[in-house]
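What follows is work01.pdb (PDB, C-alpha atoms).
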ATOM      1  CA  MET A   1       0.000   0.000   0.000  1.00  0.00           C
ATOM      2  CA  LYS A   2       1.453   3.331  -0.941  1.00  0.00           C
ATOM      3  CA  ALA A   3       1.770   6.196   1.493  1.00  0.00           C
ATOM      4  CA  GLY A   4      -1.176   8.557   1.396  1.00  0.00           C
ATOM      5  CA  SER A   5      -3.706   5.998   0.178  1.00  0.00           C
ATOM      6  CA  ASN A   6      -5.272   6.012   3.651  1.00  0.00           C
ATOM      7  CA  LYS A   7      -6.640   9.483   2.962  1.00  0.00           C
ATOM      8  CA  ILE A   8      -9.599   7.970   1.106  1.00  0.00           C
ATOM      9  CA  GLU A   9     -10.439   5.894   4.213  1.00  0.00           C
ATOM     10  CA  LYS A  10     -10.946   8.960   6.433  1.00  0.00           C
ATOM     11  CA  LEU A  11     -14.468  10.067   7.225  1.00  0.00           C
ATOM     12  CA  LYS A  12     -14.404  13.841   6.797  1.00  0.00           C
ATOM     13  CA  SER A  13     -17.698  14.847   5.185  1.00  0.00           C
ATOM     14  CA  LYS A  14     -19.813  16.892   7.604  1.00  0.00           C
ATOM     15  CA  LYS A  15     -22.969  15.812   5.778  1.00  0.00           C
ATOM     16  CA  GLU A  16     -22.053  12.115   6.004  1.00  0.00           C
ATOM     17  CA  ILE A  17     -21.233  12.428   9.734  1.00  0.00           C
ATOM     18  CA  GLU A  18     -24.625  14.076  10.392  1.00  0.00           C
ATOM     19  CA  LEU A  19     -26.398  11.285   8.486  1.00  0.00           C
ATOM     20  CA  LEU A  20     -24.354   8.715  10.394  1.00  0.00           C
ATOM     21  CA  PHE A  21     -25.608   9.983  13.757  1.00  0.00           C
ATOM     22  CA  SER A  22     -29.204  10.493  12.629  1.00  0.00           C
ATOM     23  CA  GLU A  23     -29.689   7.235  10.658  1.00  0.00           C
ATOM     24  CA  GLY A  24     -26.816   5.000  11.756  1.00  0.00           C
ATOM     25  CA  LYS A  25     -26.880   1.810  13.804  1.00  0.00           C
ATOM     26  CA  SER A  26     -24.682   1.286  16.827  1.00  0.00           C
ATOM     27  CA  ILE A  27     -22.624  -1.495  18.452  1.00  0.00           C
ATOM     28  CA  SER A  28     -21.103  -1.056  21.905  1.00  0.00           C
ATOM     29  CA  LYS A  29     -18.418  -2.702  23.974  1.00  0.00           C
ATOM     30  CA  TYR A  30     -17.840  -0.348  26.883  1.00  0.00           C
ATOM     31  CA  PRO A  31     -15.999   2.066  26.725  1.00  0.00           C
ATOM     32  CA  ILE A  32     -16.068   2.131  22.899  1.00  0.00           C
ATOM     33  CA  ARG A  33     -19.111   2.534  20.659  1.00  0.00           C
ATOM     34  CA  LEU A  34     -19.214   2.063  16.901  1.00  0.00           C
ATOM     35  CA  VAL A  35     -21.840   3.993  14.958  1.00  0.00           C
ATOM     36  CA  TYR A  36     -22.096   2.768  11.361  1.00  0.00           C
ATOM     37  CA  ARG A  37     -24.208   3.310   8.303  1.00  0.00           C
ATOM     38  CA  LYS A  38     -24.403   1.701   4.867  1.00  0.00           C
ATOM     39  CA  THR A  39     -23.655   4.377   2.295  1.00  0.00           C
ATOM     40  CA  THR A  40     -21.979   5.081  -1.044  1.00  0.00           C
ATOM     41  CA  PHE A  41     -18.829   7.057  -1.819  1.00  0.00           C
ATOM     42  CA  GLU A  42     -17.247   8.050  -5.087  1.00  0.00           C
ATOM     43  CA  GLU A  43     -13.932   6.572  -3.915  1.00  0.00           C
ATOM     44  CA  LYS A  44     -13.237   2.847  -4.106  1.00  0.00           C
ATOM     45  CA  SER A  45     -12.787   2.597  -0.332  1.00  0.00           C
ATOM     46  CA  ALA A  46     -15.122   0.049   1.328  1.00  0.00           C
ATOM     47  CA  ILE A  47     -15.089   1.780   4.714  1.00  0.00           C
ATOM     48  CA  LYS A  48     -14.500   5.361   5.799  1.00  0.00           C
ATOM     49  CA  ALA A  49     -13.787   5.697   9.500  1.00  0.00           C
ATOM     50  CA  GLY A  50     -13.516   8.490  12.044  1.00  0.00           C
ATOM     51  CA  VAL A  51     -12.834   8.660  15.778  1.00  0.00           C
ATOM     52  CA  SER A  52     -14.153  10.888  18.529  1.00  0.00           C
ATOM     53  CA  VAL A  53     -13.476  11.437  22.233  1.00  0.00           C
ATOM     54  CA  SER A  54     -15.724  13.416  24.577  1.00  0.00           C
ATOM     55  CA  LYS A  55     -14.420  16.816  25.605  1.00  0.00           C
ATOM     56  CA  ARG A  56     -16.580  16.576  28.716  1.00  0.00           C
ATOM     57  CA  ASN A  57     -14.638  13.557  30.026  1.00  0.00           C
ATOM     58  CA  PHE A  58     -11.167  14.674  28.872  1.00  0.00           C
ATOM     59  CA  LYS A  59     -10.561  18.386  29.249  1.00  0.00           C
ATOM     60  CA  ASN A  60      -6.972  18.297  27.983  1.00  0.00           C
ATOM     61  CA  ALA A  61      -6.504  18.055  24.218  1.00  0.00           C
ATOM     62  CA  VAL A  62      -3.356  15.957  24.750  1.00  0.00           C
ATOM     63  CA  ASP A  63      -5.422  13.254  26.463  1.00  0.00           C
ATOM     64  CA  ARG A  64      -8.124  13.292  23.771  1.00  0.00           C
ATOM     65  CA  ASN A  65      -5.491  13.114  21.030  1.00  0.00           C
ATOM     66  CA  ARG A  66      -3.764  10.176  22.725  1.00  0.00           C
ATOM     67  CA  ILE A  67      -7.026   8.220  22.917  1.00  0.00           C
ATOM     68  CA  LYS A  68      -7.850   9.068  19.283  1.00  0.00           C
ATOM     69  CA  ARG A  69      -4.408   7.824  18.282  1.00  0.00           C
ATOM     70  CA  LEU A  70      -5.027   4.559  20.162  1.00  0.00           C
ATOM     71  CA  LEU A  71      -8.417   4.147  18.460  1.00  0.00           C
ATOM     72  CA  ARG A  72      -6.997   4.799  14.981  1.00  0.00           C
ATOM     73  CA  GLU A  73      -4.050   2.465  15.520  1.00  0.00           C
ATOM     74  CA  SER A  74      -6.281  -0.353  16.824  1.00  0.00           C
ATOM     75  CA  TYR A  75      -8.673   0.035  13.895  1.00  0.00           C
ATOM     76  CA  ARG A  76      -5.820   0.163  11.390  1.00  0.00           C
ATOM     77  CA  LYS A  77      -4.314  -3.072  12.752  1.00  0.00           C
ATOM     78  CA  ASN A  78      -7.633  -4.921  12.887  1.00  0.00           C
ATOM     79  CA  LYS A  79      -9.597  -3.702   9.865  1.00  0.00           C
ATOM     80  CA  TYR A  80      -8.751  -6.988   8.122  1.00  0.00           C
ATOM     81  CA  ILE A  81     -11.544  -8.527  10.272  1.00  0.00           C
ATOM     82  CA  VAL A  82     -14.128  -6.806   8.055  1.00  0.00           C
ATOM     83  CA  PRO A  83     -14.059  -8.604   4.688  1.00  0.00           C
ATOM     84  CA  ASN A  84     -14.253  -6.674   1.428  1.00  0.00           C
ATOM     85  CA  THR A  85     -17.890  -6.444   0.432  1.00  0.00           C
ATOM     86  CA  THR A  86     -19.773  -4.807  -2.380  1.00  0.00           C
ATOM     87  CA  HIS A  87     -21.327  -2.437   0.179  1.00  0.00           C
ATOM     88  CA  GLN A  88     -19.688   0.689   1.531  1.00  0.00           C
ATOM     89  CA  PHE A  89     -19.941   1.777   5.154  1.00  0.00           C
ATOM     90  CA  SER A  90     -19.059   4.817   7.208  1.00  0.00           C
ATOM     91  CA  PHE A  91     -17.789   4.160  10.747  1.00  0.00           C
ATOM     92  CA  MET A  92     -17.390   6.420  13.763  1.00  0.00           C
ATOM     93  CA  PHE A  93     -15.634   5.095  16.845  1.00  0.00           C
ATOM     94  CA  LEU A  94     -16.612   6.940  20.042  1.00  0.00           C
ATOM     95  CA  TYR A  95     -14.712   6.612  23.295  1.00  0.00           C
ATOM     96  CA  SER A  96     -17.089   7.143  26.217  1.00  0.00           C
ATOM     97  CA  GLY A  97     -15.003   6.064  29.232  1.00  0.00           C
ATOM     98  CA  LYS A  98     -13.865   8.480  31.906  1.00  0.00           C
ATOM     99  CA  GLU A  99     -10.370   7.055  32.501  1.00  0.00           C
ATOM    100  CA  MET A 100      -7.300   6.928  30.244  1.00  0.00           C
ATOM    101  CA  PRO A 101      -7.262   3.491  28.535  1.00  0.00           C
ATOM    102  CA  ASP A 102      -4.211   1.413  27.693  1.00  0.00           C
ATOM    103  CA  TYR A 103      -3.558   0.086  24.201  1.00  0.00           C
ATOM    104  CA  PHE A 104      -4.476  -3.530  24.996  1.00  0.00           C
ATOM    105  CA  LEU A 105      -7.932  -2.588  26.315  1.00  0.00           C
ATOM    106  CA  VAL A 106      -8.667  -0.452  23.243  1.00  0.00           C
ATOM    107  CA  GLU A 107      -7.422  -3.104  20.824  1.00  0.00           C
ATOM    108  CA  SER A 108      -9.444  -5.919  22.425  1.00  0.00           C
ATOM    109  CA  LYS A 109     -12.639  -3.807  22.393  1.00  0.00           C
ATOM    110  CA  ILE A 110     -12.127  -2.734  18.743  1.00  0.00           C
ATOM    111  CA  LYS A 111     -11.602  -6.381  17.737  1.00  0.00           C
ATOM    112  CA  GLY A 112     -14.798  -7.366  19.543  1.00  0.00           C
ATOM    113  CA  ILE A 113     -16.786  -4.559  17.957  1.00  0.00           C
ATOM    114  CA  LEU A 114     -15.534  -5.392  14.438  1.00  0.00           C
ATOM    115  CA  GLN A 115     -16.369  -9.088  14.933  1.00  0.00           C
ATOM    116  CA  LYS A 116     -19.847  -8.122  16.165  1.00  0.00           C
ATOM    117  CA  PHE A 117     -20.260  -5.835  13.127  1.00  0.00           C
ATOM    118  CA  VAL A 118     -19.300  -8.660  10.735  1.00  0.00           C
ATOM    119  CA  ALA A 119     -21.730 -11.033  12.476  1.00  0.00           C
ATOM    120  CA  HIS A 120     -24.598  -8.496  12.323  1.00  0.00           C
ATOM    121  CA  GLU A 121     -24.166  -6.873   8.938  1.00  0.00           C
ATOM    122  CA  ILE A 122     -22.147  -9.114   6.648  1.00  0.00           C
ATOM    123  CA  ASP A 123     -22.831 -12.698   7.779  1.00  0.00           C
ATOM    124  CA  SER A 124     -26.570 -12.099   8.182  1.00  0.00           C
ATOM    125  CA  LYS A 125     -27.012 -11.362   4.485  1.00  0.00           C
TER     126      LYS A 125
END
What's the structure tokens form of this structure?
Amino acid sequence: MKAGSNKIEKLKSKKEIELLFSEGKSISKYPIRLVYRKTTFEEKSAIKAGVSVSKRNFKNAVDRNRIKRLLRESYRKNKYIVPNTTHQFSFMFLYSGKEMPDYFLVESKIKGILQKFVAHEIDSK
């Protein structure tokens, strides 16, 4: 994979994010929640993903950025769990805990959420 090709996998569209929260479905494994929605993009990417951390629970930007980095890294390492399908999805990972997580907690929860997603959305069809 060439450098910079991950840009098409980032969820950046304000309109798409609004639709995601108004029409999307959700899977939770405390303290992480995945909100997802079946959609279509012009790009060839199967999934566009974003991450978010509550400002209410983490006042310092450094802490929020660290958690976002953990979420992105865990998703990047485990996105192979979701097989390539003909459908396109937008994902938003939300961290709702009140304490600073460690990498192993985040990674195990992301794996669980992705496996749950595959069981619900892809295997059921």
Result set of the PyMOL selection byres ((chain A and resi 101-111) around 7) on the coordinates above, as a list in words: Lys29, Ile32, Leu70, Leu71, Ser74, Tyr75, Asn78, Glu99, Met100, Gly112, Ile113, Leu114 and Gln115 of chain A
Kindly save the residues from that selection, with C-alpha atoms included, as a PDB file, in the coordinates of the input.
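Printed below is selection_17.pdb as written:
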ATOM      1  CA  LYS A  29     -18.418  -2.702  23.974  1.00  0.00           C
ATOM      2  CA  ILE A  32     -16.068   2.131  22.899  1.00  0.00           C
ATOM      3  CA  LEU A  70      -5.027   4.559  20.162  1.00  0.00           C
ATOM      4  CA  LEU A  71      -8.417   4.147  18.460  1.00  0.00           C
ATOM      5  CA  SER A  74      -6.281  -0.353  16.824  1.00  0.00           C
ATOM      6  CA  TYR A  75      -8.673   0.035  13.895  1.00  0.00           C
ATOM      7  CA  ASN A  78      -7.633  -4.921  12.887  1.00  0.00           C
ATOM      8  CA  GLU A  99     -10.370   7.055  32.501  1.00  0.00           C
ATOM      9  CA  MET A 100      -7.300   6.928  30.244  1.00  0.00           C
ATOM     10  CA  GLY A 112     -14.798  -7.366  19.543  1.00  0.00           C
ATOM     11  CA  ILE A 113     -16.786  -4.559  17.957  1.00  0.00           C
ATOM     12  CA  LEU A 114     -15.534  -5.392  14.438  1.00  0.00           C
ATOM     13  CA  GLN A 115     -16.369  -9.088  14.933  1.00  0.00           C
TER      14      GLN A 115
END
task: Write out as a list in words each polymer residue whose atoms come within 7 Å of Lys25 of chain A, counting only C-alpha atoms; drop sequence neighbours fewer than 4 positions from it.
output: Val35, Tyr36 and Arg37 of chain A
message: On this structure, the PyMOL selection byres ((chain A and resi 44) around 12) would catch which residues? List them as a PyMOL selection string, sorted by chain and number.
response: chain A and resi 5-9+40-43+45-48+84-89
Just the residues within 6 Å of Met92 of chain A, please, counting all atoms listed in the file, with nothing from its chain fewer than 6 positions along; format it as an mmCIF file with C-alpha atoms, in the coordinates of the input.
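Written file, result_31.cif:
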data_model
loop_
_atom_site.group_PDB
_atom_site.id
_atom_site.type_symbol
_atom_site.label_atom_id
_atom_site.label_comp_id
_atom_site.auth_asym_id
_atom_site.auth_seq_id
_atom_site.Cartn_x
_atom_site.Cartn_y
_atom_site.Cartn_z
ATOM 1 C CA LEU A 34 -19.214 2.063 16.901
ATOM 2 C CA VAL A 35 -21.840 3.993 14.958
ATOM 3 C CA ALA A 49 -13.787 5.697 9.500
ATOM 4 C CA GLY A 50 -13.516 8.490 12.044
ATOM 5 C CA VAL A 51 -12.834 8.660 15.778
#
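The closest residue to Arg69 of chain A, picked from A:Ser52, A:Thr39, A:Ser90, A:Ser28 and counting only C-alpha atoms, is A:Ser52.
Here atom CA of Lys55 of chain A and atom CA of Glu23 of chain A stand 23.4 Å from one another.
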query: Using all atoms listed in the file, which of A:Ala61, A:Ile67, A:Ile27, A:Leu20 sits nearest Tyr95 of chain A?
result: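 Using all atoms listed in the file, Tyr95 of chain A sits closest to A:Ile67.
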- request: Spell out the residues picked by the PyMOL selection byres ((chain A and resi 120-124) around 9) here, as an NGL selection string.
  value: :A and (82-83 or 85 or 115-119 or 125)
- prompt: What is the distance, in Å and to one decimal place, between atom CA of Ile17 of chain A and atom CA of Ser54 of chain A?
  reply: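 These atoms are spaced 15.9 Å apart.
Taking atom CA of Tyr30 of chain A and atom CA of Val53 of chain A as the two end points, the separation is 13.4 Å.
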query: Nearest to Lys68 of chain A: which of A:Leu19, A:Lys14, A:Leu94, A:Arg56 is it, counting all atoms listed in the file?
result: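 Selected residue with least distance to Lys68 of chain A: A:Leu94.
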- line: Among A:Glu16, A:Lys98, A:Gly24, A:Pro31, Asp63 of chain A is approached most closely, using only C-alpha atoms, by A:Lys98
